[in-house]
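*Asks:* Dropping in model-v6.cif, with mmCIF, C-alpha atoms.
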data_model
#
loop_
_atom_site.label_atom_id
_atom_site.label_comp_id
_atom_site.auth_asym_id
_atom_site.auth_seq_id
_atom_site.Cartn_x
_atom_site.Cartn_y
_atom_site.Cartn_z
CA MET J 42 0.00 0.00 0.00
CA ARG J 43 2.80 2.40 0.89
CA ILE J 44 4.42 1.56 -2.41
CA VAL J 45 1.16 2.35 -4.23
CA ASN J 46 0.96 5.66 -2.34
CA ARG J 47 4.56 6.53 -3.23
CA VAL J 48 4.02 5.80 -6.92
CA LEU J 49 0.73 7.74 -6.90
CA ALA J 50 2.38 10.62 -5.05
CA ALA J 51 5.28 10.76 -7.51
CA VAL J 52 2.93 10.72 -10.53
CA LEU J 53 0.60 13.37 -9.06
CA ALA J 54 3.50 15.55 -7.91
CA LEU J 55 4.96 15.43 -11.41
CA ALA J 56 1.53 16.25 -12.87
CA LEU J 57 1.19 19.25 -10.52
CA LEU J 58 4.68 20.46 -11.40
CA VAL J 59 4.20 20.17 -15.16
CA GLY J 60 0.56 21.31 -15.09
CA GLY J 61 1.30 24.35 -12.92
CA LEU J 62 4.17 25.47 -15.14
CA LEU J 63 2.12 24.93 -18.31
CA VAL J 64 -0.80 26.97 -16.97
CA ALA J 65 1.54 29.80 -15.94
CA VAL J 66 3.21 29.78 -19.37
CA GLU J 67 -0.16 29.70 -21.16
CA ILE J 68 -1.35 32.72 -19.14
CA VAL J 69 1.78 34.64 -20.14
CA VAL J 70 1.44 33.54 -23.79
CA ALA J 71 -2.24 34.56 -23.83
CA GLY J 72 -1.21 37.93 -22.37
CA PHE J 73 0.68 38.59 -25.62
CA ASP J 74 -2.43 37.65 -27.66
CA ARG J 75 -0.78 34.54 -28.99
CA SER J 76 -2.62 31.28 -29.68
CA PRO J 77 -2.31 28.48 -27.10
CA TRP J 78 1.12 26.90 -26.81
CA VAL J 79 0.35 23.38 -25.49
CA LEU J 80 -2.99 23.42 -23.67
CA PRO J 81 -6.01 23.96 -25.98
CA HIS J 82 -7.61 26.33 -23.47
CA ASP J 83 -9.48 28.25 -26.16
CA GLU J 84 -11.41 25.07 -27.02
CA TRP J 85 -12.01 24.35 -23.34
CA TYR J 86 -13.29 27.89 -22.90
CA ARG J 87 -15.71 27.58 -25.82
CA SER J 88 -16.89 24.20 -24.55
CA ALA J 89 -17.42 25.52 -21.02
CA ARG J 90 -19.43 28.45 -22.40
CA THR J 91 -21.71 26.32 -24.55
CA ARG J 92 -22.15 23.12 -22.52
CA ALA J 93 -24.58 23.12 -19.60
CA TRP J 94 -24.12 21.42 -16.24
CA ASP J 95 -26.66 18.77 -17.23
CA ALA J 96 -24.94 17.92 -20.55
CA ALA J 97 -23.37 14.52 -20.99
CA PRO J 98 -19.66 15.48 -21.28
CA PRO J 99 -19.50 17.53 -18.05
CA ARG J 100 -21.52 14.85 -16.29
CA TRP J 101 -19.01 12.17 -17.29
CA ILE J 102 -16.16 14.36 -16.11
CA PHE J 103 -17.86 14.80 -12.71
CA ILE J 104 -18.51 11.07 -12.47
CA GLY J 105 -14.82 10.51 -13.22
CA LEU J 106 -13.83 12.96 -10.47
CA VAL J 107 -16.08 11.24 -7.92
CA VAL J 108 -14.79 7.79 -8.87
CA ALA J 109 -11.15 8.93 -8.68
CA GLY J 110 -11.76 10.68 -5.34
CA VAL J 111 -13.54 7.69 -3.81
CA ALA J 112 -10.78 5.36 -5.03
CA LEU J 113 -8.14 7.62 -3.44
CA LEU J 114 -10.05 7.79 -0.16
CA LEU J 115 -10.61 4.02 -0.05
CA LEU J 116 -6.90 3.52 -0.65
CA GLN J 117 -6.05 5.80 2.27
CA LEU J 118 -8.68 4.37 4.62
CA ALA J 119 -7.83 0.73 3.92
CA ARG J 120 -6.51 -0.88 7.06
CA ARG J 121 -2.87 -1.77 6.54
CA ARG J 122 -0.91 -4.40 8.29
CA PRO J 123 2.03 -2.91 10.18
CA VAL J 124 5.48 -3.01 8.60
CA ALA J 125 6.92 -3.91 12.00
CA LEU J 126 5.65 -4.91 15.43
CA PRO J 127 7.15 -3.01 18.37
CA LEU J 128 9.00 -4.81 21.16
CA THR J 129 8.51 -3.94 24.82
CA PRO J 130 9.70 -0.38 25.58
CA ALA J 131 13.35 -0.02 26.55
CA ALA J 132 16.16 2.53 26.29
CA VAL J 133 16.56 1.60 22.61
CA PRO J 134 13.18 1.29 20.88
CA ALA J 135 13.04 -1.90 18.86
CA ASP J 136 10.66 -3.66 16.53
CA VAL J 137 10.42 -6.86 14.51
CA ASN J 138 9.81 -6.81 10.80
CA ARG J 139 6.37 -8.31 10.14
CA ARG J 140 7.29 -10.26 7.01
CA SER J 141 10.27 -11.82 8.71
CA LEU J 142 7.99 -12.75 11.62
CA GLU J 143 5.59 -14.45 9.20
CA LYS J 144 8.43 -16.49 7.75
CA ALA J 145 9.71 -17.33 11.24
CA LEU J 146 6.25 -18.60 12.23
CA VAL J 147 6.14 -20.74 9.08
CA ARG J 148 9.55 -22.21 9.99
CA GLU J 149 8.37 -22.80 13.56
CA ALA J 150 5.22 -24.59 12.39
CA ASN J 151 7.24 -26.67 9.92
CA ARG J 152 9.47 -27.90 12.75
CA VAL J 153 6.49 -29.53 14.48
CA ASP J 154 6.43 -33.25 13.77
CA GLY J 155 3.61 -34.04 11.36
CA VAL J 156 3.44 -30.64 9.63
CA ALA J 157 4.06 -30.87 5.89
CA GLY J 158 3.74 -27.20 5.11
CA ALA J 159 2.48 -23.93 6.53
CA ARG J 160 1.68 -20.35 5.72
CA ALA J 161 1.29 -17.39 8.05
CA ARG J 162 -0.29 -13.97 7.97
CA VAL J 163 0.47 -11.56 10.79
CA ALA J 164 -1.50 -8.43 11.61
CA ALA J 165 -1.28 -6.11 14.60
CA GLU J 166 -3.54 -8.24 16.77
CA LYS J 167 -3.49 -11.72 15.33
CA ALA J 168 -1.25 -14.20 13.60
CA ASP J 169 -3.13 -16.66 11.43
CA VAL J 170 -1.20 -19.80 10.63
CA VAL J 171 -2.53 -22.52 8.35
CA ALA J 172 -0.58 -25.76 8.57
CA THR J 173 -1.04 -28.81 6.39
CA THR J 174 -0.33 -32.39 7.37
CA ASN J 175 -0.15 -35.61 5.42
CA ARG J 176 -1.83 -37.46 8.26
CA ARG J 177 -5.42 -38.53 7.89
CA GLN J 178 -6.26 -37.38 11.41
CA GLU J 179 -5.19 -34.11 12.96
CA GLY J 180 -4.93 -35.64 16.41
CA ASP J 181 -3.17 -33.29 18.79
CA LEU J 182 -1.32 -31.52 15.96
CA PRO J 183 -3.25 -28.22 16.23
CA ALA J 184 -2.43 -28.04 19.94
CA ARG J 185 1.27 -28.78 19.34
CA VAL J 186 1.51 -26.19 16.55
CA GLN J 187 -0.31 -23.68 18.75
CA ALA J 188 2.08 -24.31 21.62
CA ALA J 189 5.12 -23.91 19.36
CA LEU J 190 3.84 -20.64 17.92
CA ASP J 191 2.87 -19.26 21.34
CA ARG J 192 6.35 -20.10 22.57
CA ARG J 193 7.95 -18.41 19.56
CA LEU J 194 5.86 -15.27 19.86
CA GLY J 195 6.40 -15.14 23.61
CA ALA J 196 10.19 -15.36 23.27
CA LEU J 197 10.38 -12.23 21.12
CA GLY J 198 9.26 -9.80 23.81
CA LEU J 199 6.68 -8.09 21.64
CA ALA J 200 4.88 -5.16 23.26
CA ARG J 201 1.51 -6.52 22.11
CA PRO J 202 2.03 -10.07 20.88
CA PRO J 203 -0.54 -11.00 18.23
CA ALA J 204 -2.74 -13.92 19.20
CA ALA J 205 -1.75 -17.00 17.21
CA ARG J 206 -4.69 -18.73 15.53
CA VAL J 207 -3.88 -22.12 14.09
CA LYS J 208 -5.75 -24.10 11.50
CA VAL J 209 -4.54 -27.53 10.45
CA ASN J 210 -5.66 -29.07 7.20
CA ALA J 211 -5.38 -32.84 7.35
CA ARG J 212 -5.17 -35.09 4.29
CA GLY J 213 -8.71 -36.24 4.93
CA ASP J 214 -9.94 -32.61 4.67
CA ARG J 215 -8.84 -32.24 1.05
CA MET V 114 12.49 10.46 7.24
CA ARG V 115 10.78 7.92 5.00
CA ARG V 116 7.91 7.70 7.47
CA GLY V 117 7.59 11.50 7.22
CA ALA V 118 7.25 11.25 3.44
CA ASP V 119 4.67 8.47 3.85
CA ARG V 120 2.64 10.60 6.25
CA LEU V 121 2.81 13.54 3.83
CA ASN V 122 1.66 11.31 0.97
CA GLY V 123 -1.25 9.99 3.04
CA ALA V 124 -2.36 13.48 4.06
CA VAL V 125 -2.08 15.00 0.56
CA LEU V 126 -3.77 12.06 -1.16
CA THR V 127 -6.61 12.12 1.39
CA LEU V 128 -7.14 15.86 0.88
CA LEU V 129 -7.02 15.36 -2.88
CA GLY V 130 -9.58 12.54 -2.61
CA VAL V 131 -11.92 14.74 -0.55
CA ALA V 132 -11.52 17.64 -3.02
CA LEU V 133 -12.22 15.43 -6.05
CA VAL V 134 -15.32 13.92 -4.45
CA ALA V 135 -16.57 17.38 -3.38
CA VAL V 136 -16.11 18.95 -6.85
CA GLY V 137 -17.51 15.90 -8.65
CA ALA V 138 -20.51 15.61 -6.31
CA TYR V 139 -21.28 19.33 -6.65
CA GLY V 140 -21.14 19.09 -10.45
CA LEU V 141 -23.38 16.04 -10.53
CA ALA V 142 -25.82 17.53 -8.02
CA ARG V 143 -26.06 20.75 -10.01
CA GLY V 144 -26.42 18.87 -13.30
CA TYR V 145 -29.25 16.75 -11.89
CA GLY V 146 -31.14 19.82 -10.71
CA ALA V 147 -30.40 19.74 -6.97
CA PHE V 148 -30.11 23.55 -7.02
CA GLY V 149 -33.01 24.08 -9.43
CA ASP V 150 -33.62 23.28 -13.08
CA ALA V 151 -32.49 26.72 -14.23
CA ARG V 152 -29.04 26.26 -12.69
CA ALA V 153 -28.79 22.78 -14.23
CA HIS V 154 -29.29 24.37 -17.68
CA ASP V 155 -26.68 27.08 -17.04
CA PRO V 156 -23.46 26.80 -19.03
CA VAL V 157 -20.56 25.44 -16.97
CA LEU V 158 -18.79 28.77 -17.37
CA THR V 159 -21.51 31.22 -16.41
CA ASP V 160 -21.79 34.80 -17.58
CA ASP V 161 -21.29 36.00 -13.99
CA VAL V 162 -17.89 34.31 -13.79
CA ARG V 163 -16.85 35.65 -17.21
CA ALA V 164 -17.97 39.16 -16.25
CA PHE V 165 -16.06 38.96 -12.96
CA VAL V 166 -12.84 37.88 -14.73
CA ALA V 167 -13.27 40.58 -17.41
CA ARG V 168 -13.82 43.28 -14.75
CA ASN V 169 -10.75 42.20 -12.80
CA ALA V 170 -8.44 41.16 -15.62
CA GLY V 171 -5.80 43.59 -14.34
CA TRP V 172 -5.02 41.51 -11.26
CA PHE V 173 -6.86 38.23 -11.93
CA TRP V 174 -4.48 36.79 -14.53
CA PRO V 175 -1.24 37.73 -12.74
CA VAL V 176 -2.63 36.17 -9.54
CA ALA V 177 -3.73 33.07 -11.49
CA ALA V 178 -0.25 32.75 -13.00
CA MET V 179 1.36 33.10 -9.57
CA ALA V 180 -1.04 30.50 -8.15
CA ALA V 181 -0.06 28.14 -10.99
CA VAL V 182 3.63 28.68 -10.23
CA LEU V 183 2.92 28.04 -6.54
CA VAL V 184 1.16 24.77 -7.45
CA ALA V 185 4.17 23.79 -9.59
CA TRP V 186 6.56 24.60 -6.72
CA LEU V 187 4.48 22.53 -4.28
CA GLY V 188 4.50 19.69 -6.83
CA LEU V 189 8.29 19.95 -7.08
CA ARG V 190 8.66 19.84 -3.27
CA TRP V 191 6.35 16.83 -3.10
CA LEU V 192 8.27 15.07 -5.87
CA LEU V 193 11.61 15.75 -4.16
CA ALA V 194 10.21 14.32 -0.92
CA GLN V 195 9.73 11.02 -2.80
CA LEU V 196 13.15 11.01 -4.41
CA THR V 197 15.43 12.41 -1.71
CA PRO V 198 17.49 9.61 -0.18
CA THR V 199 17.13 9.32 3.57
CA GLY V 200 20.11 9.46 5.85
CA VAL V 201 23.11 11.59 6.68
CA ALA V 202 26.25 11.32 4.53
CA ARG V 203 28.68 13.22 6.81
CA LEU V 204 28.80 13.76 10.54
CA ARG V 205 30.23 16.85 12.17
CA VAL V 206 32.80 15.92 14.77
CA ARG V 207 33.47 18.17 17.75
CA ALA V 208 36.74 20.10 17.28
CA ASP V 209 38.45 22.42 19.73
CA GLY V 210 40.45 24.45 17.20
CA PRO V 211 39.36 26.44 14.19
CA GLY V 212 38.04 24.69 11.13
CA ARG V 213 35.61 21.89 10.82
CA THR V 214 36.05 18.14 10.94
CA GLU V 215 33.61 15.80 9.29
CA LEU V 216 33.37 12.06 9.40
CA VAL V 217 31.93 9.91 6.62
CA ALA V 218 28.80 8.54 8.29
CA SER V 219 28.93 5.20 6.50
CA GLY V 220 32.37 4.50 7.99
CA ALA V 221 31.16 5.13 11.52
CA THR V 222 27.97 3.13 11.10
CA ALA V 223 29.88 0.24 9.51
CA ALA V 224 31.88 -0.03 12.73
CA LEU V 225 28.66 -0.12 14.75
CA ALA V 226 27.23 -2.82 12.48
CA ALA V 227 30.47 -4.83 12.75
CA ASP V 228 30.23 -4.65 16.55
CA ILE V 229 26.70 -6.04 16.48
CA GLU V 230 27.54 -8.72 13.95
CA GLY V 231 29.90 -10.18 16.53
CA TYR V 232 27.06 -10.93 18.95
CA PRO V 233 25.68 -14.47 19.24
CA GLY V 234 22.65 -15.16 17.09
CA VAL V 235 23.26 -12.24 14.73
CA ARG V 236 23.44 -13.14 11.05
CA GLY V 237 24.01 -9.68 9.73
CA ALA V 238 23.66 -6.03 10.68
CA ARG V 239 23.68 -2.64 9.06
CA ALA V 240 23.29 0.84 10.43
CA ARG V 241 22.74 4.29 9.00
CA MET V 242 22.58 7.75 10.45
CA VAL V 243 19.15 9.23 9.77
CA ALA V 244 19.71 12.57 11.52
CA ASP V 245 22.70 14.65 12.61
CA HIS V 246 23.24 17.37 15.20
CA PRO V 247 21.33 18.60 17.23
CA ALA V 248 19.32 15.38 17.52
CA PRO V 249 21.50 12.63 16.06
CA GLU V 250 19.69 9.43 15.26
CA VAL V 251 20.86 6.06 14.04
CA ALA V 252 18.76 3.23 12.63
CA VAL V 253 20.14 -0.27 13.08
CA THR V 254 18.77 -3.27 11.22
CA VAL V 255 19.80 -6.65 12.55
CA ASP V 256 19.13 -10.06 11.01
CA VAL V 257 18.56 -12.38 13.94
CA ALA V 258 18.68 -16.17 13.81
CA ASP V 259 15.60 -18.08 14.89
CA ASP V 260 17.39 -19.53 17.90
CA ALA V 261 18.81 -16.21 19.11
CA ASP V 262 17.97 -14.75 22.51
CA VAL V 263 16.32 -11.51 21.41
CA ALA V 264 16.19 -10.01 24.91
CA ALA V 265 19.90 -10.64 25.44
CA LEU V 266 20.72 -9.19 22.06
CA ARG V 267 18.76 -6.02 22.81
CA ARG V 268 20.59 -5.65 26.13
CA ARG V 269 23.97 -5.99 24.42
CA VAL V 270 23.08 -3.45 21.78
CA GLU V 271 21.86 -1.02 24.46
CA GLU V 272 24.69 -1.57 26.91
CA HIS V 273 27.63 -2.23 24.61
CA ALA V 274 27.30 -1.31 20.93
CA VAL V 275 25.40 1.97 21.25
CA PRO V 276 27.49 3.41 24.14
CA ARG V 277 30.70 2.55 22.21
CA PHE V 278 29.37 4.19 19.08
CA ARG V 279 28.23 7.26 21.02
CA ALA V 280 31.60 7.56 22.74
CA ALA V 281 33.51 7.17 19.48
CA LEU V 282 31.56 10.03 17.92
CA GLU V 283 31.58 12.06 21.15
CA LEU V 284 27.82 12.34 21.06
CA GLY V 285 26.03 13.35 24.24
CA GLU V 286 22.69 12.09 23.04
CA LEU V 287 21.95 9.53 20.37
CA ARG V 288 18.53 8.29 19.49
CA THR V 289 18.70 4.69 18.31
CA ASN V 290 16.05 2.63 16.59
CA LEU V 291 16.63 -1.09 16.40
CA HIS V 292 14.87 -3.02 13.66
CA LEU V 293 15.04 -6.80 13.92
CA ARG V 294 14.49 -9.24 11.09
CA LEU V 295 14.09 -12.87 11.94
CA ALA V 296 16.24 -15.00 9.69
CA GLU V 297 16.87 -18.71 9.28
CA PRO V 298 19.76 -20.03 11.33
CA PRO V 299 22.84 -20.82 9.23
CA PRO V 300 22.94 -24.38 7.86
CA ARG V 301 24.95 -26.72 10.10
CA ARG V 302 28.02 -28.26 8.51
CA LEU V 303 28.51 -31.99 8.74
CA ARG V 304 32.01 -33.29 9.25
#
Rewrite the coordinates I just gave you, this time as structure tokens.
*Replies:*
Amino acid sequence: MRIVNRVLAAVLALALLVGGLLVAVEIVVAGFDRSPWVLPHDEWYRSARTRAWDAAPPRWIFIGLVVAGVALLLLQLARRRPVALPLTPAAVPADVNRRSLEKALVREANRVDGVAGARARVAAEKADVVATTNRRQEGDLPARVQAALDRRLGALGLARPPAARVKVNARGDR
Amino acid sequence: MRRGADRLNGAVLTLLGVALVAVGAYGLARGYGAFGDARAHDPVLTDDVRAFVARNAGWFWPVAAMAAVLVAWLGLRWLLAQLTPTGVARLRVRADGPGRTELVASGATAALAADIEGYPGVRGARARMVADHPAPEVAVTVDVADDADVAALRRRVEEHAVPRFRAALELGELRTNLHLRLAEPPPRRLR
């Protein structure tokens, strides 16, 4: 999401820079009674004088503005997972990279006897881990994976450890 | 620094989103007759607006041109905020005599990283100065093995690496941010 914001910001900033300069230049050029340099503002002017608010072209432009604005707002309001999770406060503030924590939880789950594979998704408050096993019955595997993950999360000293939620898919489930 | 740029992006994009929705919604509402049928049939550029601009052409266009240049300048600042690399290249070192002594920041931070790389459970470390005097700040990223004692590592960084670094640079205060990345332990060699 931050990457999307940075790309959007760079594109819009460039558009503002170029657009602002072009408008300033066009105003100066028009001041000397010359025809438009780059922006066809004389056509826009004629169009704005003849087209009414209820005409189709302006309406489509306004719809476009609303859609673009709503998309921007949704992008900003979307709840993002943290880049890092803070550790308990100390003289040197510290945090743990979230992606590396996800991979560490996958490795931890894979170390449990009976787990054939795993994937993890960590958010601020929860860590969802889905493990797969080749066994037909889960048995006590979910409890063992849960215990391993709780131990791993507990050892890090996170300020607010996310609650591990484990789901085991047994061969019989597929 | 990067977080500052991210916050700026979030704020500007949110404001832009609100402005686009407001302008678009006003245009649609007016076009659909929310302010009366007569106003819906008005041209987008009304005679009142044209008359106002014509009456005030003496100052209107210079002000419009200046506003456009201001927008371009703000766009340039925003663009530079995306492109400017974060960090401090040179550190000012306290000197008693005349003149000025500077230290290449990457050299100093490499020594800090090397210190930390010597600790048990550390697979790699790097550090960079993100701010200089009067509030110097260093960011340290450490790759930590799965079996490392994170609490012990933090203590060593706080009590050993950072004080040594601060003393070497003769810094009274140094804000430190420690970023840990959990890494796989190195493969064990079989004899």
*Asks:* Apply the PyMOL selection byres ((chain J and resi 62-78) around 9) to the displayed file and report the matching residues as a list in words.
*Replies:*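 With the shown file as input, the PyMOL selection byres ((chain J and resi 62-78) around 9) matches Leu57, Leu58, Val59, Gly60, Gly61, Val79, Leu80, Pro81, His82 and Asp83 of chain J; Trp174, Pro175, Ala177, Ala178, Met179, Ala180, Ala181, Val182, Val184, Ala185 and Trp186 of chain V.
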*Asks:* Given a cut-off of 8 Å, which residues of chain J touch chain V, counting only C-alpha atoms, written out as a PyMOL selection string?
*Replies:* chain J and resi 43+46-47+50-51+53-62+64-66+68-69+86+89-96+99-100+102-114+117+132-138+141-142+144-145+196-198
*Asks:* Of the candidates J:Arg121, J:Arg160, J:Arg148, J:Arg206, which one gets nearest to Ala184 of chain J if we count all atoms listed in the file?
*Replies:*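 Using all atoms listed in the file, the shortest distance to Ala184 of chain J belongs to J:Arg206.
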*Asks:* Please list as a count of residues only every residue within 10 Å of Val201 of chain V, counting only C-alpha atoms and excluding residues in the same chain fewer than 3 positions away.
*Replies:* 13
*Asks:* Taking the file above as input, evaluate the PyMOL selection byres ((chain V and resi 232) around 10) and report the hits as a ChimeraX atom specification.
*Replies:* /V:227-231,233-237,257,261,265-266,269-270,274
*Asks:* Considering all atoms listed in the file, return as a list in words whatever protein or nucleic-acid residues lie within 7 Å of Ala211 of chain J, sequence-local ones (same chain, fewer than 2 positions apart) excluded.
*Replies:*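 My list of contacting residues is Thr173, Thr174, Asn175, Arg176, Arg177, Gln178, Glu179, Val209, Gly213 and Asp214 of chain J.
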*Asks:* In Å, how far is it from atom CA of Gly117 of chain V to atom CA of Thr197 of chain V?
*Replies:*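 For atom CA of Gly117 of chain V relative to atom CA of Thr197 of chain V, the distance reads 11.9 Å.
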*Asks:* Which value, in Å to one decimal, gives the distance between atom CA of Arg122 of chain J and atom CA of Ala164 of chain J?
*Replies:*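 Separation of atom CA of Arg122 of chain J and atom CA of Ala164 of chain J: 5.3 Å.
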*Asks:* Atom CA of Ala280 of chain V and atom CA of Pro130 of chain J are how many Å apart?
*Replies:*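 Between atom CA of Ala280 of chain V and atom CA of Pro130 of chain J the gap works out to 23.5 Å.
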*Asks:* Could you list, as number ranges by chain, every residue matched by the PyMOL selection byres ((chain J and resi 194) around 12) in this structure?
*Replies:* J: 126, 128, 137, 139, 142-143, 145-146, 149-150, 163, 167-168, 187-193, 195-206; V: 259, 263, 295
*Asks:* Would you mind telling me which residue in J:Asp181, J:Thr129, J:Val171, J:Ile44 lies nearest to Val147 of chain J when using all atoms listed in the file?
*Replies:*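 Going through J:Asp181, J:Thr129, J:Val171, J:Ile44 one by one, the smallest distance to Val147 of chain J is for J:Val171.
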